[in-house]
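Here is the file target-v3.cif (mmCIF, C-alpha atoms).
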```
data_coords
#
loop_
_atom_site.label_atom_id
_atom_site.label_comp_id
_atom_site.auth_asym_id
_atom_site.auth_seq_id
_atom_site.Cartn_x
_atom_site.Cartn_y
_atom_site.Cartn_z
CA MET N 1 -101.18 26.18 -10.24
CA ASP N 2 -98.20 24.07 -11.34
CA LEU N 3 -99.59 20.53 -11.35
CA ARG N 4 -96.11 19.01 -11.51
CA HIS N 5 -94.92 21.02 -8.48
CA PRO N 6 -97.88 21.47 -6.14
CA THR N 7 -97.26 23.45 -2.95
CA ILE N 8 -99.02 24.17 0.30
CA THR N 9 -98.07 26.65 2.98
CA ILE N 10 -98.45 25.66 6.63
CA GLU N 11 -97.34 27.90 9.50
CA GLY N 12 -95.49 30.03 6.95
CA LEU N 13 -93.53 27.05 5.61
CA GLU N 14 -93.85 25.96 1.99
CA PHE N 15 -94.33 22.25 1.43
CA ARG N 16 -93.42 21.51 -2.16
CA TRP N 17 -93.62 18.31 -4.21
CA ASP N 18 -91.66 17.58 -7.33
CA LEU N 19 -93.95 14.99 -8.92
CA GLU N 20 -91.78 14.76 -12.00
CA HIS N 21 -88.80 13.46 -10.07
CA GLY N 22 -90.51 12.15 -6.93
CA GLY N 23 -89.05 14.77 -4.64
CA PHE N 24 -90.37 16.63 -1.62
CA SER N 25 -89.10 19.65 0.33
CA ILE N 26 -90.07 21.87 3.23
CA ALA N 27 -88.97 25.51 2.96
CA GLY N 28 -86.49 24.40 0.30
CA VAL N 29 -84.97 21.65 2.46
CA PRO N 30 -85.14 18.21 0.79
CA CYS N 31 -87.21 15.71 2.84
CA VAL N 32 -88.40 12.12 2.70
CA MET N 33 -91.76 10.85 3.99
CA MET N 34 -92.05 7.27 5.28
CA PHE N 35 -94.66 5.21 7.12
CA ARG N 36 -93.43 5.56 10.68
CA ASP N 37 -94.48 2.28 12.32
CA SER N 38 -93.77 0.05 9.33
CA SER N 39 -91.17 1.20 6.79
CA LEU N 40 -89.16 3.45 9.12
CA ALA N 41 -89.51 1.02 12.05
CA SER N 42 -88.23 -1.87 9.89
CA LEU N 43 -85.29 0.20 8.70
CA LEU N 44 -84.23 1.17 12.21
CA ARG N 45 -84.87 -2.31 13.64
CA GLY N 46 -82.45 -3.71 11.09
CA PHE N 47 -79.74 -1.37 12.34
CA VAL N 48 -80.48 -2.28 15.95
CA ASN N 49 -80.19 -6.00 15.19
CA MET N 50 -76.96 -5.44 13.29
CA VAL N 51 -75.01 -3.32 15.78
CA GLY N 52 -76.81 -3.76 19.10
CA LEU N 53 -79.05 -1.40 21.03
CA GLN N 54 -76.30 0.45 22.90
CA ARG N 55 -74.25 1.03 19.78
CA PHE N 56 -77.34 2.08 17.86
CA SER N 57 -78.37 4.60 20.52
CA LEU N 58 -74.89 6.10 20.50
CA ALA N 59 -74.86 6.23 16.70
CA MET N 60 -78.24 8.00 16.62
CA GLN N 61 -76.98 10.63 19.06
CA ALA N 62 -73.80 11.05 17.03
CA GLU N 63 -75.67 11.61 13.78
CA GLY N 64 -78.08 13.95 15.54
CA GLN N 65 -75.16 16.08 16.72
CA ARG N 66 -73.62 16.20 13.27
CA GLY N 67 -76.76 17.21 11.42
CA VAL N 68 -77.65 20.57 12.96
CA ASP N 69 -76.04 23.11 10.63
CA GLN N 70 -79.33 24.08 8.98
CA ASP N 71 -81.11 23.92 12.34
CA TRP N 72 -78.63 26.37 13.82
CA GLU N 73 -79.03 28.75 10.90
CA ILE N 74 -82.74 28.96 11.77
CA ILE N 75 -82.00 29.47 15.47
CA ALA N 76 -79.24 32.03 14.88
CA ALA N 77 -81.50 34.16 12.66
CA GLU N 78 -83.60 35.09 15.72
CA PRO N 79 -82.66 37.56 18.46
CA SER N 80 -82.21 34.86 21.12
CA PHE N 81 -81.75 31.12 21.38
CA GLU N 82 -85.19 30.75 22.92
CA ALA N 83 -86.85 32.65 20.07
CA GLY N 84 -84.83 30.70 17.52
CA PHE N 85 -85.91 27.41 19.07
CA VAL N 86 -89.57 28.43 18.83
CA ARG N 87 -89.01 29.14 15.15
CA LEU N 88 -87.30 25.76 14.68
CA ASN N 89 -90.27 24.05 16.34
CA LEU N 90 -92.42 25.09 13.36
CA PHE N 91 -90.25 22.93 11.12
CA ALA N 92 -90.37 20.07 13.63
CA TYR N 93 -94.09 19.65 14.19
CA THR N 94 -95.18 20.42 10.64
CA ALA N 95 -92.82 17.66 9.43
CA GLY N 96 -94.04 15.06 11.92
CA TRP N 97 -91.20 15.31 14.45
CA GLY N 98 -93.59 16.15 17.28
CA ARG N 99 -93.77 19.40 19.21
CA TRP N 100 -90.50 20.59 20.72
CA GLU N 101 -90.30 22.72 23.84
CA CYS N 102 -87.31 24.45 25.41
CA VAL N 103 -88.37 24.25 29.06
CA GLU N 104 -85.37 26.02 30.62
CA VAL N 105 -82.00 27.52 29.71
CA ASP N 106 -79.64 28.19 32.64
CA ARG N 107 -76.70 29.99 31.10
CA ALA N 108 -74.87 30.35 34.42
CA ALA N 109 -75.02 26.61 35.09
CA ARG N 110 -74.75 25.89 31.34
CA GLN N 111 -77.71 23.55 31.35
CA ALA N 112 -80.84 23.32 29.21
CA VAL N 113 -83.98 21.17 29.43
CA PHE N 114 -85.97 20.14 26.35
CA ARG N 115 -89.20 18.19 25.87
CA VAL N 116 -90.61 16.43 22.83
CA TYR N 117 -94.33 15.72 22.69
CA ASP N 118 -95.40 12.92 20.33
CA GLY N 119 -92.00 12.74 18.69
CA TRP N 120 -91.68 10.10 16.01
CA GLU N 121 -88.85 8.29 17.80
CA GLY N 122 -90.74 7.92 21.05
CA LEU N 123 -94.01 6.83 19.39
CA LEU N 124 -92.22 4.38 17.09
CA GLN N 125 -90.45 2.76 20.04
CA ARG N 126 -93.60 2.56 22.13
CA ASN N 127 -95.55 1.01 19.27
CA THR N 128 -92.83 -1.54 18.42
CA GLY N 129 -91.78 -2.49 21.96
CA VAL N 130 -88.21 -1.16 21.96
CA ASN N 131 -86.47 1.69 23.74
CA TRP N 132 -83.24 3.33 22.63
CA GLY N 133 -84.30 6.73 23.93
CA ALA N 134 -84.71 9.97 22.06
CA GLY N 135 -81.44 9.25 20.18
CA LEU N 136 -81.47 11.42 17.07
CA ILE N 137 -83.42 14.29 18.62
CA ALA N 138 -81.38 14.11 21.84
CA GLY N 139 -78.24 14.38 19.72
CA LYS N 140 -79.60 17.53 18.08
CA PHE N 141 -80.41 19.06 21.46
CA THR N 142 -76.88 18.22 22.65
CA ALA N 143 -75.38 20.00 19.64
CA TYR N 144 -77.58 23.05 20.31
CA GLY N 145 -76.25 23.16 23.89
CA THR N 146 -72.65 22.81 22.74
CA ARG N 147 -73.03 25.78 20.40
CA LEU N 148 -75.04 27.84 22.86
CA PHE N 149 -72.69 27.36 25.84
CA GLY N 150 -69.50 27.19 23.78
CA THR N 151 -68.29 23.98 25.40
CA ASN N 152 -68.72 20.22 25.09
CA CYS N 153 -72.10 18.99 26.28
CA TRP N 154 -73.77 15.63 26.85
CA CYS N 155 -77.41 14.67 27.29
CA ARG N 156 -79.35 12.49 29.68
CA GLN N 157 -82.96 11.53 29.14
CA THR N 158 -85.17 11.75 32.21
CA MET N 159 -88.60 10.83 30.76
CA PHE N 160 -89.49 8.33 28.02
CA VAL N 161 -92.58 8.15 25.79
CA ALA N 162 -91.52 4.56 25.05
CA GLU N 163 -92.12 3.78 28.73
CA GLY N 164 -95.45 5.54 28.92
CA ASP N 165 -94.40 9.05 29.94
CA PRO N 166 -96.34 11.93 28.32
CA TYR N 167 -93.18 13.28 26.65
CA ASP N 168 -89.50 12.68 26.16
CA GLU N 169 -87.48 14.99 28.40
CA VAL N 170 -83.79 15.58 27.70
CA VAL N 171 -81.35 17.48 29.95
CA VAL N 172 -78.30 18.90 28.15
CA GLU N 173 -75.38 19.92 30.33
CA VAL N 174 -71.65 20.48 30.30
CA SER N 175 -69.73 17.21 30.37
CA GLU N 176 -66.35 15.71 29.60
CA ARG N 177 -68.02 12.72 27.94
CA ASP N 178 -67.75 12.48 24.18
CA LEU N 179 -68.55 10.03 21.43
CA ASP N 180 -65.01 8.72 21.05
CA ALA N 181 -64.77 7.97 24.76
CA GLU N 182 -68.09 6.12 24.70
CA LEU N 183 -66.96 4.13 21.68
CA ALA N 184 -63.67 3.23 23.36
CA GLU N 185 -65.60 2.04 26.42
CA LEU N 186 -67.72 -0.22 24.21
CA ALA N 187 -64.54 -1.68 22.74
CA ARG N 188 -63.05 -2.32 26.19
CA SER N 189 -66.22 -4.06 27.38
CA GLU N 190 -66.25 -6.28 24.27
CA GLN N 191 -69.63 -4.96 23.21
CA ALA N 192 -68.40 -3.31 20.05
CA THR N 193 -68.98 -4.40 16.51
CA SER N 194 -66.24 -4.73 13.93
CA ALA N 195 -67.15 -1.22 12.76
CA ASP N 196 -66.58 0.04 16.29
CA LEU N 197 -63.23 -1.68 16.52
CA GLN N 198 -62.20 -0.34 13.14
CA ARG N 199 -63.07 3.19 14.25
CA VAL N 200 -61.10 2.70 17.46
CA LEU N 201 -58.11 1.50 15.45
CA VAL N 202 -58.36 4.56 13.24
CA GLU N 203 -58.48 6.84 16.29
CA LEU N 204 -55.56 5.02 17.88
CA ARG N 205 -53.60 5.33 14.67
CA ARG N 206 -54.34 9.04 14.56
CA THR N 207 -53.38 9.36 18.22
CA GLY N 208 -50.17 7.42 17.59
CA GLU N 209 -49.30 9.60 14.62
CA ALA N 210 -49.99 12.71 16.68
CA HIS N 211 -47.79 11.30 19.46
CA MET N 212 -45.00 10.59 16.99
CA ARG N 213 -45.30 14.12 15.62
CA ALA N 214 -45.13 15.44 19.18
CA LEU N 215 -42.01 13.35 19.87
CA ALA N 216 -40.43 14.57 16.64
CA GLU N 217 -41.26 18.15 17.60
CA ARG N 218 -39.80 17.58 21.06
CA ASP N 219 -36.60 16.12 19.57
CA ARG N 220 -36.38 19.07 17.19
CA SER N 221 -36.82 21.49 20.11
CA VAL N 222 -34.18 19.64 22.14
CA GLN N 223 -31.76 19.80 19.22
CA GLU N 224 -32.46 23.51 18.78
CA LEU N 225 -31.73 24.05 22.48
CA ARG N 226 -28.52 22.06 22.19
CA ASP N 227 -27.48 24.11 19.18
CA LYS N 228 -28.22 27.30 21.09
CA LEU N 229 -26.25 26.05 24.09
CA ASP N 230 -23.32 25.25 21.77
CA ILE N 231 -23.50 28.77 20.35
CA ILE N 232 -23.65 30.24 23.86
CA ALA N 233 -20.65 28.12 24.89
CA GLN N 234 -18.73 29.31 21.83
CA GLN N 235 -19.69 32.90 22.58
CA GLN N 236 -18.62 32.51 26.19
CA ALA N 237 -15.31 31.05 25.06
CA ALA N 238 -14.85 33.99 22.69
CA ILE N 239 -15.74 36.45 25.45
CA GLN N 240 -13.32 34.77 27.82
CA ALA N 241 -10.61 34.92 25.17
CA LEU N 242 -11.30 38.61 24.64
CA SER N 243 -11.43 39.27 28.37
CA THR N 244 -8.00 37.68 28.84
CA PRO N 245 -5.88 38.59 25.81
CA ILE N 246 -2.22 37.62 25.91
CA ILE N 247 -0.04 39.75 23.64
CA GLN N 248 3.58 39.10 22.73
CA VAL N 249 4.79 42.71 22.82
CA TRP N 250 8.47 41.87 22.38
CA ASP N 251 10.65 38.89 21.81
CA GLY N 252 10.28 36.86 25.01
CA VAL N 253 7.92 39.42 26.59
CA LEU N 254 4.19 38.79 27.11
CA ALA N 255 1.63 41.36 28.21
CA VAL N 256 -1.76 40.58 29.78
CA PRO N 257 -4.03 43.66 29.87
CA VAL N 258 -6.64 43.20 32.61
CA ILE N 259 -9.94 45.07 32.55
CA GLY N 260 -12.70 44.78 35.12
CA SER N 261 -12.90 42.56 38.18
CA VAL N 262 -10.84 39.41 38.63
CA ASP N 263 -12.54 36.60 40.50
CA GLY N 264 -11.26 33.12 41.24
CA ASP N 265 -12.56 31.57 38.01
CA ARG N 266 -11.09 34.31 35.86
CA THR N 267 -7.78 34.06 37.69
CA SER N 268 -7.68 30.31 37.02
CA ARG N 269 -8.38 30.83 33.32
CA MET N 270 -5.81 33.61 33.06
CA MET N 271 -3.18 31.54 34.85
CA GLU N 272 -3.82 28.44 32.75
CA LYS N 273 -3.66 30.38 29.49
CA LEU N 274 -0.70 32.50 30.52
CA LEU N 275 1.41 29.60 31.77
CA GLU N 276 0.62 27.63 28.61
CA THR N 277 1.64 30.60 26.43
CA ILE N 278 4.88 31.11 28.39
CA ILE N 279 5.84 27.50 27.76
CA GLN N 280 4.89 27.65 24.07
CA THR N 281 6.73 30.93 23.37
CA LYS N 282 9.58 30.34 25.85
CA SER N 283 9.00 33.85 27.12
CA ARG N 284 11.09 35.14 30.04
CA HIS N 285 8.84 38.04 31.08
CA ALA N 286 5.08 38.36 31.68
CA ILE N 287 3.61 41.78 32.37
CA ILE N 288 0.22 41.88 34.12
CA ASP N 289 -1.12 45.33 33.22
CA VAL N 290 -3.90 46.46 35.57
CA THR N 291 -4.45 49.93 34.10
CA GLY N 292 -8.07 48.98 33.36
CA VAL N 293 -8.75 47.88 36.96
CA GLU N 294 -10.30 50.76 38.89
CA THR N 295 -10.88 49.13 42.27
CA VAL N 296 -9.53 46.09 44.07
CA ASP N 297 -10.29 44.23 47.26
CA THR N 298 -8.25 41.76 49.23
CA TYR N 299 -9.54 38.86 47.14
CA THR N 300 -8.68 40.57 43.82
CA ALA N 301 -5.20 41.60 45.00
CA ASP N 302 -4.51 38.06 46.24
CA ASN N 303 -5.49 36.76 42.82
CA PHE N 304 -2.90 39.01 41.17
CA VAL N 305 -0.28 37.72 43.59
CA ARG N 306 -1.28 34.11 42.78
CA LEU N 307 -0.95 34.87 39.08
CA ILE N 308 2.55 36.32 39.48
CA ARG N 309 3.68 33.44 41.73
CA GLY N 310 2.53 30.96 39.07
CA VAL N 311 4.62 32.76 36.44
CA GLN N 312 7.63 32.75 38.74
CA LEU N 313 7.34 29.01 39.30
CA LEU N 314 8.04 28.56 35.57
CA GLY N 315 11.24 30.58 35.95
CA ALA N 316 9.81 33.64 34.20
CA ASN N 317 9.77 37.16 35.54
CA GLY N 318 6.27 38.28 36.65
CA ILE N 319 5.64 42.01 36.58
CA ILE N 320 2.66 44.19 37.48
CA SER N 321 2.15 47.52 35.70
CA GLY N 322 -0.44 50.26 35.67
CA ILE N 323 -1.34 50.44 39.37
CA GLY N 324 -3.22 53.70 39.79
CA PRO N 325 -3.26 55.88 42.92
CA LEU N 326 -6.60 54.56 44.20
CA VAL N 327 -5.61 50.94 43.66
CA ALA N 328 -2.20 51.58 45.28
CA GLN N 329 -3.86 53.17 48.32
CA THR N 330 -6.26 50.26 48.62
CA ILE N 331 -3.42 47.72 48.42
CA VAL N 332 -1.55 49.58 51.20
CA ASP N 333 -4.70 49.82 53.35
CA LEU N 334 -5.43 46.13 52.89
CA GLY N 335 -1.88 45.17 53.72
CA VAL N 336 -1.42 43.05 50.59
CA ASP N 337 2.15 41.80 50.37
CA LEU N 338 3.70 42.54 46.96
CA THR N 339 7.23 41.84 48.16
CA GLY N 340 9.41 40.41 45.41
CA ILE N 341 7.01 41.44 42.65
CA PRO N 342 8.33 44.16 40.29
CA THR N 343 5.80 46.97 39.78
CA TYR N 344 5.80 49.79 37.24
CA ALA N 345 3.66 52.83 36.68
CA ASN N 346 2.61 51.82 33.19
CA LEU N 347 3.08 49.22 30.49
CA LYS N 348 5.69 51.31 28.68
CA GLU N 349 8.00 51.41 31.70
CA ALA N 350 7.50 47.72 32.32
CA LEU N 351 8.35 46.89 28.70
CA GLN N 352 11.45 49.11 28.81
CA ALA N 353 12.62 47.28 31.94
CA CYS N 354 12.15 43.91 30.25
CA ILE N 355 14.06 45.02 27.15
CA ALA N 356 16.85 46.43 29.31
CA ASN N 357 17.00 43.15 31.19
CA LYS N 358 17.27 41.20 27.92
CA SER N 359 20.07 43.51 26.70
CA GLY N 360 21.96 42.96 29.92
CA ARG N 361 21.61 46.48 31.31
CA GLY N 362 19.49 45.23 34.23
CA ALA N 363 15.90 45.94 35.09
CA ARG N 364 14.99 49.16 36.85
CA ARG N 365 12.69 48.52 39.77
CA PRO N 366 10.90 51.42 41.40
CA SER N 367 11.18 51.81 45.12
CA PRO N 368 8.32 50.31 47.03
#
```
Please render this file's structure as structure tokens.
Amino acid sequence: MDLRHPTITIEGLEFRWDLEHGGFSIAGVPCVMMFRDSSLASLLRGFVNMVGLQRFSLAMQAEGQRGVDQDWEIIAAEPSFEAGFVRLNLFAYTAGWGRWECVEVDRAARQAVFRVYDGWEGLLQRNTGVNWGAGLIAGKFTAYGTRLFGTNCWCRQTMFVAEGDPYDEVVVEVSERDLDAELAELARSEQATSADLQRVLVELRRTGEAHMRALAERDRSVQELRDKLDIIAQQQAAIQALSTPIIQVWDGVLAVPVIGSVDGDRTSRMMEKLLETIIQTKSRHAIIDVTGVETVDTYTADNFVRLIRGVQLLGANGIISGIGPLVAQTIVDLGVDLTGIPTYANLKEALQACIANKSGRGARRPSP
């Protein structure tokens, strides 16, 4: 036997002392042993006096929730949570934490009920006349529930050894409550210590920074949308320019090839651009070539007439070319009046007529 490292096995757990360095462990986990109702009670009472009972209870629960990684490894090694909790209980009662019992686990309702018999917290409180509840242990149970149900949980204690009950009973259930919210409530009610206020300030600073990042991200997104809208507007302008090309096919002669349908907006754009180009180039003839227009209705035909009338108001000669048989038949059936508007079978004939007119030979106009 190693006299410097004596061991004893209880319930399958090895209790090991390191007498050379003054250490102690259970199943390889470092531990500390203290006199419960004197040394440990004095230590905890000092914290209670320093921060207040409510703050202390919250802090105990918080630390209990944070310190369950090794506990959960023990639980997770078993085939079920219930079996894992039974295994964890061996560590609890052999180390003086009392006997732990998982009374009920309702997975559908996401609620669990735990009991602690002769737990050190309850006995210490009963023997010293204080009651902050099952704090540290309740925090552990809350963390178990959070991991088991996969959502935030909170605990409420329904029975208290400190008040004479035979055990501490803790109900863990799904809740929106969390430690930060409880701390903020303490700050609002002016029951917080300077440490509480400092923590609140830190959280507010973090929240503010997150808000600023969110605003910056929003501004960046807005700018990206604006940039995209600018690009779309530029593309639309380019498409409109391509859809209404104006070509100077001869000195003083403009040609406007039209493809597709011609609605009111397109007519307005075509007229504005065409009239502006006529003025800039001092052109005397404008040929509206509709070879690419397969069908027309009354509205489309009227738009062509409006376009030609606008050209004529500037003193230029407006001409329509490229009217196919189907379009011609539709214009006749609709009764669209093209009186006074020169029309030609194709762009070539229209251009020849314009050139002849410029040379003084007169423009040939087909019979209506």
Notebook entry, point to check: Which one is closest to N:Asp333: N:Gln111, N:Ser283, N:Thr94, N:Thr298? Count only C-alpha atoms.
Noted result: N:Thr298
Margin query: Can you spell out as a PyMOL selection string the set of residues that the PyMOL selection byres ((chain N and resi 101) around 10) selects in the structure I just provided?
Written below: chain N and resi 82+85-86+89+98-100+102-104+113-117+169
Residues of the last selection are to be written out with C-alpha atoms, as a compact mmCIF listing (two decimals), keeping the file's coordinate frame.
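See again-v7.txt below for the written result:
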```txt
# COMPACT_ATOMS: atom_id res chain seq x y z
CA GLU N 82 -85.19 30.75 22.92
CA PHE N 85 -85.91 27.41 19.07
CA VAL N 86 -89.57 28.43 18.83
CA ASN N 89 -90.27 24.05 16.34
CA GLY N 98 -93.59 16.15 17.28
CA ARG N 99 -93.77 19.40 19.21
CA TRP N 100 -90.50 20.59 20.72
CA CYS N 102 -87.31 24.45 25.41
CA VAL N 103 -88.37 24.25 29.06
CA GLU N 104 -85.37 26.02 30.62
CA VAL N 113 -83.98 21.17 29.43
CA PHE N 114 -85.97 20.14 26.35
CA ARG N 115 -89.20 18.19 25.87
CA VAL N 116 -90.61 16.43 22.83
CA TYR N 117 -94.33 15.72 22.69
CA GLU N 169 -87.48 14.99 28.40
```
Item checked: Computed interatomic separation between atom CA of N:Val32 and atom CA of N:Thr146 (Å) ->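 Computing it gives 27.6 Å between the two atoms.
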Reference answer for the PyMOL selection byres ((chain N and resi 142) around 6), as a short mmCIF file (atom, residue, chain, number, x, y, z; two decimals) with C-alpha atoms, keeping the file's coordinate frame:
```
data_model
loop_
_atom_site.label_atom_id
_atom_site.label_comp_id
_atom_site.auth_asym_id
_atom_site.auth_seq_id
_atom_site.Cartn_x
_atom_site.Cartn_y
_atom_site.Cartn_z
CA GLY N 139 -78.24 14.38 19.72
CA LYS N 140 -79.60 17.53 18.08
CA PHE N 141 -80.41 19.06 21.46
CA ALA N 143 -75.38 20.00 19.64
CA TYR N 144 -77.58 23.05 20.31
CA GLY N 145 -76.25 23.16 23.89
CA TRP N 154 -73.77 15.63 26.85
CA CYS N 155 -77.41 14.67 27.29
CA VAL N 172 -78.30 18.90 28.15
#
```
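A straight line drawn from atom CA of N:Val327 to atom CA of N:Thr295 is 5.7 Å long.
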Checklist line | Top pick for closest residue to N:Gly318, considering N:Leu334, N:Ala216, N:Val253, N:Met60 and counting only C-alpha atoms | finding: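 Of all the options, N:Val253 lies closest to N:Gly318.
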Check: Evaluating the PyMOL selection byres ((chain N and resi 248) around 12) on the displayed file yields which residues, as a ChimeraX atom specification?
Finding: /N:245-247,249-257,274,277-278,280-287,351
Note to self: What's the separation between atom CA of N:Asp263 and atom CA of N:Arg309, in Å to one decimal place?
What the structure shows: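 Separation between atom CA of N:Asp263 and atom CA of N:Arg309: 16.6 Å.
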Item checked: Given all atoms listed in the file as the counted atoms, nearest of N:Leu136, N:Val293, N:Asn317, N:Leu338 to N:Leu58 ->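 Among N:Leu136, N:Val293, N:Asn317, N:Leu338, it is N:Leu136 that comes nearest to N:Leu58.
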Check: Do you know which residues are at most 6 Å from N:Thr343 counting all atoms listed in the file, after dropping those on the same chain fewer than 3 positions away, and could you put them as a VMD selection string?
Finding: chain N and resid 319 to 321
Check: Near N:Leu326, within 9 Å and counting all atoms listed in the file, which residues show up once chain neighbours fewer than 3 positions away are dropped, as a list in words?
Finding: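 The contact residues come out as Glu294, Thr295, Val296, Ile323, Gln329, Thr330 and Ile331 of chain N.
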Notebook entry, point to check: Residues at most 12 Å from N:Leu123, counting all atoms listed in the file, excluding those fewer than 2 positions away in the same chain, as a VMD selection string?
Noted result: chain N and resid 36 to 37 40 to 41 96 to 98 116 to 121 125 to 134 160 to 168
Item checked: Shortest interatomic distance to N:Arg45 - which of N:Gly324, N:Arg266, N:Leu124, N:Leu3, counting all atoms listed in the file ->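 Looking only at the distances to N:Arg45, the closest residue turns out to be N:Leu124.
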Notebook entry, point to check: In terms of the shortest atom-to-atom distance over only C-alpha atoms, which of N:Phe91, N:Leu314, N:Val174, N:Gly84 is closest to N:Leu13?
Noted result: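 Looking at the shortest contact to N:Leu13, the residue is N:Phe91.
Among the candidates N:Met212, N:Ala95, N:Ala59, N:Ala83, the one nearest to N:Ile10 when counting all atoms listed in the file is N:Ala95.
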